[in-house]
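Structure data (compact mmCIF, C-alpha atoms) from start.txt:
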```txt
# COMPACT_ATOMS: atom_id res chain seq x y z
CA MET A 408 0.00 0.00 0.00
CA ASP A 409 1.38 3.37 -0.97
CA SER A 410 2.72 5.42 1.95
CA ALA A 411 0.98 8.55 0.68
CA ILE A 412 -2.33 6.74 1.11
CA GLN A 413 -1.33 5.32 4.48
CA ASN A 414 -0.62 8.82 5.77
CA THR A 415 -4.38 9.50 5.66
CA PHE A 416 -5.08 6.55 7.96
CA GLN A 417 -5.63 7.30 11.64
CA VAL A 418 -5.06 4.70 14.36
CA LEU A 419 -6.14 5.06 17.98
CA VAL A 420 -4.08 3.03 20.48
CA VAL A 421 -5.79 2.45 23.83
CA ASP A 422 -3.61 0.93 26.57
CA ASP A 423 -2.79 1.94 30.13
CA ASN A 424 0.83 0.81 29.66
CA PRO A 425 2.87 3.74 28.24
CA GLU A 426 5.62 1.41 27.01
CA ILE A 427 3.16 -0.60 24.93
CA ARG A 428 1.69 2.58 23.49
CA GLU A 429 5.16 3.88 22.62
CA ILE A 430 6.15 0.64 20.88
CA ILE A 431 2.98 0.60 18.79
CA GLN A 432 3.31 4.29 18.04
CA ILE A 433 6.85 3.80 16.70
CA LEU A 434 5.93 0.70 14.70
CA LEU A 435 2.92 2.23 13.00
CA THR A 436 4.43 5.67 12.47
CA ASN A 437 7.30 3.99 10.64
CA GLU A 438 4.70 2.37 8.39
CA GLY A 439 3.17 5.75 7.56
CA TYR A 440 0.15 5.75 9.86
CA GLN A 441 -0.89 8.63 12.09
CA VAL A 442 -1.22 7.40 15.67
CA THR A 443 -3.18 8.85 18.58
CA GLU A 444 -2.75 7.46 22.10
CA ALA A 445 -5.22 7.04 24.95
CA ALA A 446 -4.33 5.68 28.40
CA SER A 447 -7.86 4.56 29.32
CA GLY A 448 -11.23 3.70 27.87
CA SER A 449 -12.63 7.04 28.99
CA LYS A 450 -9.86 8.93 27.21
CA ALA A 451 -10.44 6.84 24.09
CA LEU A 452 -14.12 7.78 24.03
CA GLU A 453 -13.15 11.44 24.36
CA GLN A 454 -10.82 11.10 21.37
CA LEU A 455 -13.53 9.37 19.33
CA SER A 456 -15.97 12.17 20.06
CA GLN A 457 -13.50 14.63 18.52
CA ALA A 458 -12.06 12.74 15.54
CA SER A 459 -12.61 9.72 13.31
CA PHE A 460 -10.23 6.76 13.12
CA ASP A 461 -9.62 3.96 10.64
CA LEU A 462 -8.62 1.46 13.34
CA ILE A 463 -8.72 1.16 17.12
CA ILE A 464 -6.20 -1.02 18.98
CA LEU A 465 -7.72 -1.80 22.36
CA ASP A 466 -6.32 -3.36 25.53
CA ILE A 467 -8.68 -5.33 27.80
CA MET A 468 -7.36 -4.92 31.34
CA MET A 469 -7.42 -1.19 32.06
CA PRO A 470 -8.46 0.97 35.03
CA GLY A 471 -11.96 2.37 34.75
CA PRO A 472 -14.00 0.82 31.95
CA ASN A 473 -12.22 -2.28 30.71
CA GLY A 474 -11.69 -3.10 27.06
CA TYR A 475 -14.96 -4.99 26.65
CA GLN A 476 -16.99 -2.15 28.17
CA THR A 477 -15.10 0.40 26.11
CA CYS A 478 -15.69 -1.62 22.94
CA LEU A 479 -19.45 -1.60 23.53
CA GLU A 480 -19.37 2.18 23.90
CA ILE A 481 -17.15 2.60 20.82
CA ARG A 482 -19.67 0.67 18.75
CA LYS A 483 -22.24 3.38 19.56
CA ILE A 484 -19.91 5.89 17.87
CA THR A 485 -18.14 4.14 14.99
CA ASN A 486 -17.96 0.92 13.00
CA ALA A 487 -14.19 1.23 12.48
CA PRO A 488 -12.39 -2.09 13.07
CA ILE A 489 -11.26 -2.88 16.61
CA LEU A 490 -8.19 -5.01 17.28
CA PHE A 491 -8.03 -6.36 20.83
CA LEU A 492 -4.50 -6.59 22.18
CA SER A 493 -4.33 -8.49 25.45
CA ALA A 494 -2.50 -11.03 27.60
CA ARG A 495 -5.88 -12.70 28.18
CA THR A 496 -5.92 -15.39 25.54
CA LYS A 497 -8.53 -17.94 26.61
CA ASP A 498 -11.24 -18.74 24.08
CA SER A 499 -13.81 -17.25 26.47
CA ASP A 500 -11.86 -13.96 26.49
CA LYS A 501 -11.77 -13.89 22.70
CA MET A 502 -15.47 -14.70 22.39
CA LEU A 503 -16.34 -11.93 24.84
CA GLY A 504 -14.22 -9.55 22.76
CA PHE A 505 -15.98 -10.51 19.53
CA SER A 506 -19.38 -10.34 21.23
CA SER A 507 -18.55 -6.81 22.38
CA GLY A 508 -18.00 -5.76 18.77
CA GLY A 509 -14.30 -6.48 18.21
CA ASP A 510 -13.00 -7.58 14.83
CA ASP A 511 -9.71 -9.29 15.66
CA PHE A 512 -7.61 -10.42 18.62
CA LEU A 513 -3.84 -10.45 19.09
CA ALA A 514 -2.17 -11.89 22.20
CA LYS A 515 0.51 -10.17 24.28
CA PRO A 516 3.43 -10.48 24.00
CA PHE A 517 3.01 -9.93 20.28
CA SER A 518 5.21 -10.17 17.25
CA TYR A 519 5.92 -6.71 15.85
CA SER A 520 5.59 -7.95 12.28
CA GLU A 521 2.28 -9.68 13.02
CA LEU A 522 0.86 -6.53 14.62
CA VAL A 523 1.74 -4.47 11.55
CA TRP A 524 0.37 -7.15 9.24
CA ARG A 525 -2.95 -7.32 11.10
CA VAL A 526 -3.26 -3.53 11.16
CA LYS A 527 -2.75 -3.38 7.39
CA ALA A 528 -5.24 -6.19 6.77
CA LEU A 529 -7.96 -4.65 8.97
CA ILE A 530 -7.61 -1.18 7.47
CA ARG A 531 -7.45 -2.53 3.93
CA ARG A 532 -10.62 -4.56 4.45
CA TYR A 533 -12.37 -1.65 6.16
CA HIS A 534 -11.86 0.61 3.16
CA ILE A 535 -12.26 -1.95 0.39
CA TYR A 536 -15.67 -2.98 1.74
CA ARG A 537 -16.62 0.67 1.66
CA GLY A 538 -15.84 0.93 -2.03
CA VAL A 539 -12.45 2.62 -1.83
CA SER A 540 -9.61 0.57 -3.26
CA GLU A 541 -6.01 1.46 -2.73
CA ASN A 542 -5.92 3.55 -5.91
CA GLU A 543 -9.43 5.04 -5.87
CA VAL A 544 -10.89 8.32 -4.69
CA PRO A 545 -14.59 8.73 -3.86
CA ALA A 546 -15.37 10.40 -7.20
CA GLN A 547 -14.26 7.25 -9.02
CA ARG A 548 -16.59 4.87 -7.23
CA ALA A 549 -18.75 2.55 -9.26
CA PRO A 550 -22.46 3.37 -9.71
CA SER A 551 -24.76 2.49 -6.85
CA ALA A 552 -25.78 -1.16 -6.63
CA LEU A 553 -28.52 -2.50 -4.42
CA ILE A 554 -28.92 -5.99 -3.02
CA ARG A 555 -32.44 -6.79 -1.82
CA CYS A 556 -33.24 -9.81 0.29
CA HIS A 557 -36.06 -10.57 2.77
CA GLY A 558 -36.85 -6.94 3.46
CA LEU A 559 -33.17 -5.96 3.57
CA GLU A 560 -31.74 -3.37 1.18
CA ILE A 561 -27.95 -3.22 0.98
CA ASN A 562 -26.45 -0.24 -0.83
CA THR A 563 -22.96 -1.38 -1.82
CA GLU A 564 -21.88 2.18 -2.65
CA THR A 565 -22.90 3.96 0.53
CA GLU A 566 -22.55 0.82 2.70
CA GLU A 567 -25.99 1.51 4.18
CA VAL A 568 -28.16 -1.44 5.19
CA ARG A 569 -31.86 -0.91 5.72
CA GLN A 570 -34.54 -3.29 6.91
CA ASN A 571 -38.03 -2.31 5.84
CA GLY A 572 -36.67 1.22 5.37
CA GLN A 573 -35.01 1.45 8.79
CA LEU A 574 -31.25 2.01 8.87
CA LEU A 575 -29.26 -0.71 10.63
CA GLU A 576 -25.96 -0.15 12.42
CA LEU A 577 -23.53 -2.92 11.44
CA THR A 578 -19.85 -3.30 12.15
CA ASP A 579 -17.39 -3.61 9.29
CA THR A 580 -17.16 -7.38 9.71
CA GLU A 581 -20.93 -7.81 10.00
CA TYR A 582 -21.44 -5.78 6.83
CA ALA A 583 -18.80 -7.80 4.96
CA LEU A 584 -20.45 -11.09 5.97
CA LEU A 585 -23.91 -9.87 5.05
CA LYS A 586 -22.80 -8.50 1.70
CA LEU A 587 -20.99 -11.68 0.73
CA LEU A 588 -23.84 -13.99 1.72
CA THR A 589 -26.68 -11.93 0.22
CA ALA A 590 -24.79 -11.32 -3.02
CA ASN A 591 -24.44 -15.10 -3.38
CA ARG A 592 -27.86 -16.33 -2.27
CA HIS A 593 -28.34 -20.08 -1.91
CA GLN A 594 -24.58 -20.69 -2.09
CA ILE A 595 -23.12 -22.49 0.92
CA PHE A 596 -19.95 -20.92 2.33
CA SER A 597 -17.79 -23.11 4.53
CA ALA A 598 -16.22 -21.61 7.65
CA GLU A 599 -12.85 -21.81 5.93
CA HIS A 600 -14.10 -19.97 2.84
CA LEU A 601 -15.82 -17.27 4.90
CA TYR A 602 -12.79 -16.67 7.09
CA GLU A 603 -10.33 -16.39 4.22
CA ARG A 604 -12.66 -14.12 2.23
CA ILE A 605 -13.67 -11.80 5.08
CA TRP A 606 -10.60 -11.79 7.31
CA ASP A 607 -8.17 -12.00 4.38
CA GLU A 608 -5.81 -14.38 6.17
CA PRO A 609 -5.24 -18.16 6.24
CA TYR A 610 -7.87 -20.22 8.00
CA TYR A 611 -7.12 -21.93 11.31
CA TYR A 612 -9.29 -24.24 13.39
CA GLY A 613 -10.14 -21.69 16.07
CA ALA A 614 -11.56 -19.38 13.40
CA ASN A 615 -14.83 -21.35 13.56
CA ASN A 616 -15.67 -19.72 16.89
CA THR A 617 -14.82 -16.28 15.52
CA ILE A 618 -17.20 -16.73 12.59
CA MET A 619 -19.92 -18.16 14.83
CA VAL A 620 -19.88 -15.13 17.14
CA HIS A 621 -20.00 -12.62 14.28
CA ILE A 622 -22.85 -14.50 12.59
CA ARG A 623 -24.73 -14.56 15.89
CA ASN A 624 -24.24 -10.80 16.34
CA LEU A 625 -25.41 -10.18 12.77
CA ARG A 626 -28.53 -12.30 13.25
CA ARG A 627 -29.46 -10.27 16.32
CA LYS A 628 -29.64 -7.21 14.09
CA ILE A 629 -31.34 -8.60 10.97
CA GLU A 630 -33.51 -11.53 12.07
CA LYS A 631 -36.94 -11.23 13.70
CA ASP A 632 -36.13 -14.35 15.71
CA PRO A 633 -32.33 -14.82 15.87
CA LYS A 634 -32.75 -18.31 17.34
CA ASN A 635 -34.76 -19.35 14.29
CA PRO A 636 -33.13 -17.44 11.44
CA VAL A 637 -34.76 -17.26 8.03
CA LEU A 638 -32.18 -15.07 6.29
CA ILE A 639 -28.79 -16.55 7.22
CA LYS A 640 -29.01 -20.24 7.94
CA THR A 641 -26.49 -22.67 9.35
CA ILE A 642 -26.09 -25.73 7.16
CA TRP A 643 -24.77 -28.22 9.67
CA GLY A 644 -21.47 -29.76 8.69
CA LYS A 645 -21.16 -27.49 5.67
CA GLY A 646 -21.29 -23.80 6.59
CA TYR A 647 -23.66 -20.86 6.13
CA ARG A 648 -26.11 -19.83 3.44
CA CYS A 649 -28.41 -16.91 2.68
CA ASP A 650 -31.85 -18.11 1.58
```
Please go through the file and, once you have read it, give me the structure as structure tokens.
Amino acid sequence: MDSAIQNTFQVLVVDDNPEIREIIQILLTNEGYQVTEAASGSKALEQLSQASFDLIILDIMMPGPNGYQTCLEIRKITNAPILFLSARTKDSDKMLGFSSGGDDFLAKPFSYSELVWRVKALIRRYHIYRGVSENEVPAQRAPSALIRCHGLEINTETEEVRQNGQLLELTDTEYALLKLLTANRHQIFSAEHLYERIWDEPYYYGANNTIMVHIRNLRRKIEKDPKNPVLIKTIWGKGYRCD
């Protein structure tokens, strides 16, 4: 990705450890990103009320509101991707992070190269799914295209999703899943296929739980009865399908 484009990307780093913030700040600044730091969840919410960001890197164990609580509040403000960065690495911790609205999870201590790689992947996906490729400007976007399915209307140019005319608030990952499944109705997507298409990284066994949580969150927003979905169905042993 061209550094001139990267310079427009804003990253908010939320961690109560100043050494961690400094390391991330140096790593990402060297890659061309503009980095803002916050030492607590409360400070992060203040920053988000004043500026927009393309990615939020969020610690879990912090004084005041923890990372999960902060993530829930962030989702009321923005759908920008959230990367949890934490020493808490149990599956239950990860699932709670995804349920709170997070998009990815990286364990401490972390590899510097992996952190940079995940940041690039999340930001790239965030902007590509909003119709801006690495070499496009808004004026060059393709004409508006609508996907209609079971009362849903998905505008792939504006990234707006409406249900019976009412605007829905989806995260970046939820939108990407919905767009892929509704644009390919009746096609079954395996967990492996979904993960590699949406997360843009190689599939691993634990990714099944990640997909499951995001699908569950999406169903809560688009299904009348999330426990008995009619739009996005689980095809046991095979994957997911939009009917």
Report as a compact mmCIF listing (two decimals) with C-alpha atoms, in the coordinates of the input all protein, DNA and RNA residues lying within 10 Å of Lys628 of chain A, evaluated on all atoms listed in the file, omitting residues in the same chain fewer than 6 positions from it.
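Result went into part-v6.txt, see below:
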```txt
# COMPACT_ATOMS: atom_id res chain seq x y z
CA GLN A 570 -34.54 -3.29 6.91
CA LEU A 575 -29.26 -0.71 10.63
CA GLU A 576 -25.96 -0.15 12.42
CA LEU A 577 -23.53 -2.92 11.44
CA GLU A 581 -20.93 -7.81 10.00
```
Legend entry - Between atom CA of Leu574 of chain A and atom CA of Lys483 of chain A, distance in Å (one decimal):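 Separating atom CA of Leu574 of chain A from atom CA of Lys483 of chain A is a distance of 14.0 Å.
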Inset, instruction - Kindly indicate which residue among A:Gly471, A:Trp524, A:Ser506, A:Gly613 lies nearest to Arg627 of chain A, using all atoms listed in the file for the distances. - result: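 Using all atoms listed in the file, the shortest distance to Arg627 of chain A belongs to A:Ser506.
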Inset, instruction - Find the residues around Asp607 of chain A up to 12 Å (only C-alpha atoms counted), leave out those fewer than 2 positions away in its own chain, and share them as a list in words. - result: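 Within the cut-off, the hits are Asp511, Trp524, Arg525, Val526, Lys527, Ala528, Leu529, Ile530, Arg531, Arg532, Tyr533, Ile535, Thr580, Ala583, Glu599, His600, Leu601, Tyr602, Glu603, Arg604, Ile605, Pro609 and Tyr610 of chain A.
The spacing separating atom CA of Leu522 of chain A from atom CA of Ile618 of chain A amounts to 20.8 Å.
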Legend entry - Shell around Leu455 of chain A at 9 Å using only C-alpha atoms, local window under 6 positions removed, as a PyMOL selection string: chain A and resi 419+481+484-485
Legend entry - From A:Ala487, A:Leu513, A:Ala451, A:Cys649, residue lying nearest Gln594 of chain A [all atoms listed in the file]: A:Cys649
With 4 Å on each side, where is the centre of the axis-aligned box around all listed atoms of segment 470-474 of chain A, and how long are its edges in Å to one decimal, as AutoDock Vina command-line options?
```
--center_x -11.2 --center_y -0.4 --center_z 31.0 --size_x 13.5 --size_y 13.5 --size_z 16.0
```
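Distance-wise, atom CA of Leu492 of chain A and atom CA of Ile464 of chain A end up 6.6 Å apart.
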Inset, instruction - Take the point (-2.7, 3.2, 28.3) in the file's coordinates, draw a sphere of radius 9 Å around it, and report as a PyMOL selection string every protein, DNA or RNA residue with an atom inside or on it, counting all atoms listed in the file. - result: chain A and resi 420-428+444-448+466+469
Could you write those residues out with C-alpha atoms, as a PDB file, keeping the file's coordinate frame?
```
ATOM      1  CA  VAL A 420      -4.080   3.030  20.480  1.00  0.00           C
ATOM      2  CA  VAL A 421      -5.790   2.450  23.830  1.00  0.00           C
ATOM      3  CA  ASP A 422      -3.610   0.930  26.570  1.00  0.00           C
ATOM      4  CA  ASP A 423      -2.790   1.940  30.130  1.00  0.00           C
ATOM      5  CA  ASN A 424       0.830   0.810  29.660  1.00  0.00           C
ATOM      6  CA  PRO A 425       2.870   3.740  28.240  1.00  0.00           C
ATOM      7  CA  GLU A 426       5.620   1.410  27.010  1.00  0.00           C
ATOM      8  CA  ILE A 427       3.160  -0.600  24.930  1.00  0.00           C
ATOM      9  CA  ARG A 428       1.690   2.580  23.490  1.00  0.00           C
ATOM     10  CA  GLU A 444      -2.750   7.460  22.100  1.00  0.00           C
ATOM     11  CA  ALA A 445      -5.220   7.040  24.950  1.00  0.00           C
ATOM     12  CA  ALA A 446      -4.330   5.680  28.400  1.00  0.00           C
ATOM     13  CA  SER A 447      -7.860   4.560  29.320  1.00  0.00           C
ATOM     14  CA  GLY A 448     -11.230   3.700  27.870  1.00  0.00           C
ATOM     15  CA  ASP A 466      -6.320  -3.360  25.530  1.00  0.00           C
ATOM     16  CA  MET A 469      -7.420  -1.190  32.060  1.00  0.00           C
TER      17      MET A 469
END
```
Legend entry - Selected residue, from A:Leu587, A:Val418, A:Ile433, A:Val637, that lies nearest to Gln454 of chain A when counting all atoms listed in the file: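 Smallest separation from Gln454 of chain A among the options: A:Val418.
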Legend entry - Nearest candidate to His534 of chain A (options A:Gly509, A:Gly558, A:Pro488, A:Pro633; using only C-alpha atoms): A:Pro488
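With distances restricted to all atoms listed in the file, A:Ala590 is the closest residue to Ala552 of chain A from A:Ala590, A:Thr578, A:Ala598, A:Glu453.
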Just want the 6 Å neighbourhood of Asn562 of chain A, counted on only C-alpha atoms, with same-chain residues fewer than 2 positions away dropped. Output as a CSV table (one decimal) with C-alpha atoms, keeping the file's coordinate frame.
```csv
chain,number,residue,atom,x,y,z
A,552,ALA,CA,-25.8,-1.2,-6.6
A,553,LEU,CA,-28.5,-2.5,-4.4
A,564,GLU,CA,-21.9,2.2,-2.6
A,565,THR,CA,-22.9,4.0,0.5
A,566,GLU,CA,-22.6,0.8,2.7
A,567,GLU,CA,-26.0,1.5,4.2
```
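Minimum atom-to-atom distances from A:Cys556, A:Met502, A:Ile431, A:Ala494 to Asn615 of chain A were compared using all atoms listed in the file, and the lowest value belongs to A:Met502.
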Inset, instruction - Give me the residues within 10 Å of Gln417 of chain A as a PyMOL selection string, counting all atoms listed in the file and dropping any in the same chain fewer than 6 places off. - result: chain A and resi 439-443+458-463+530
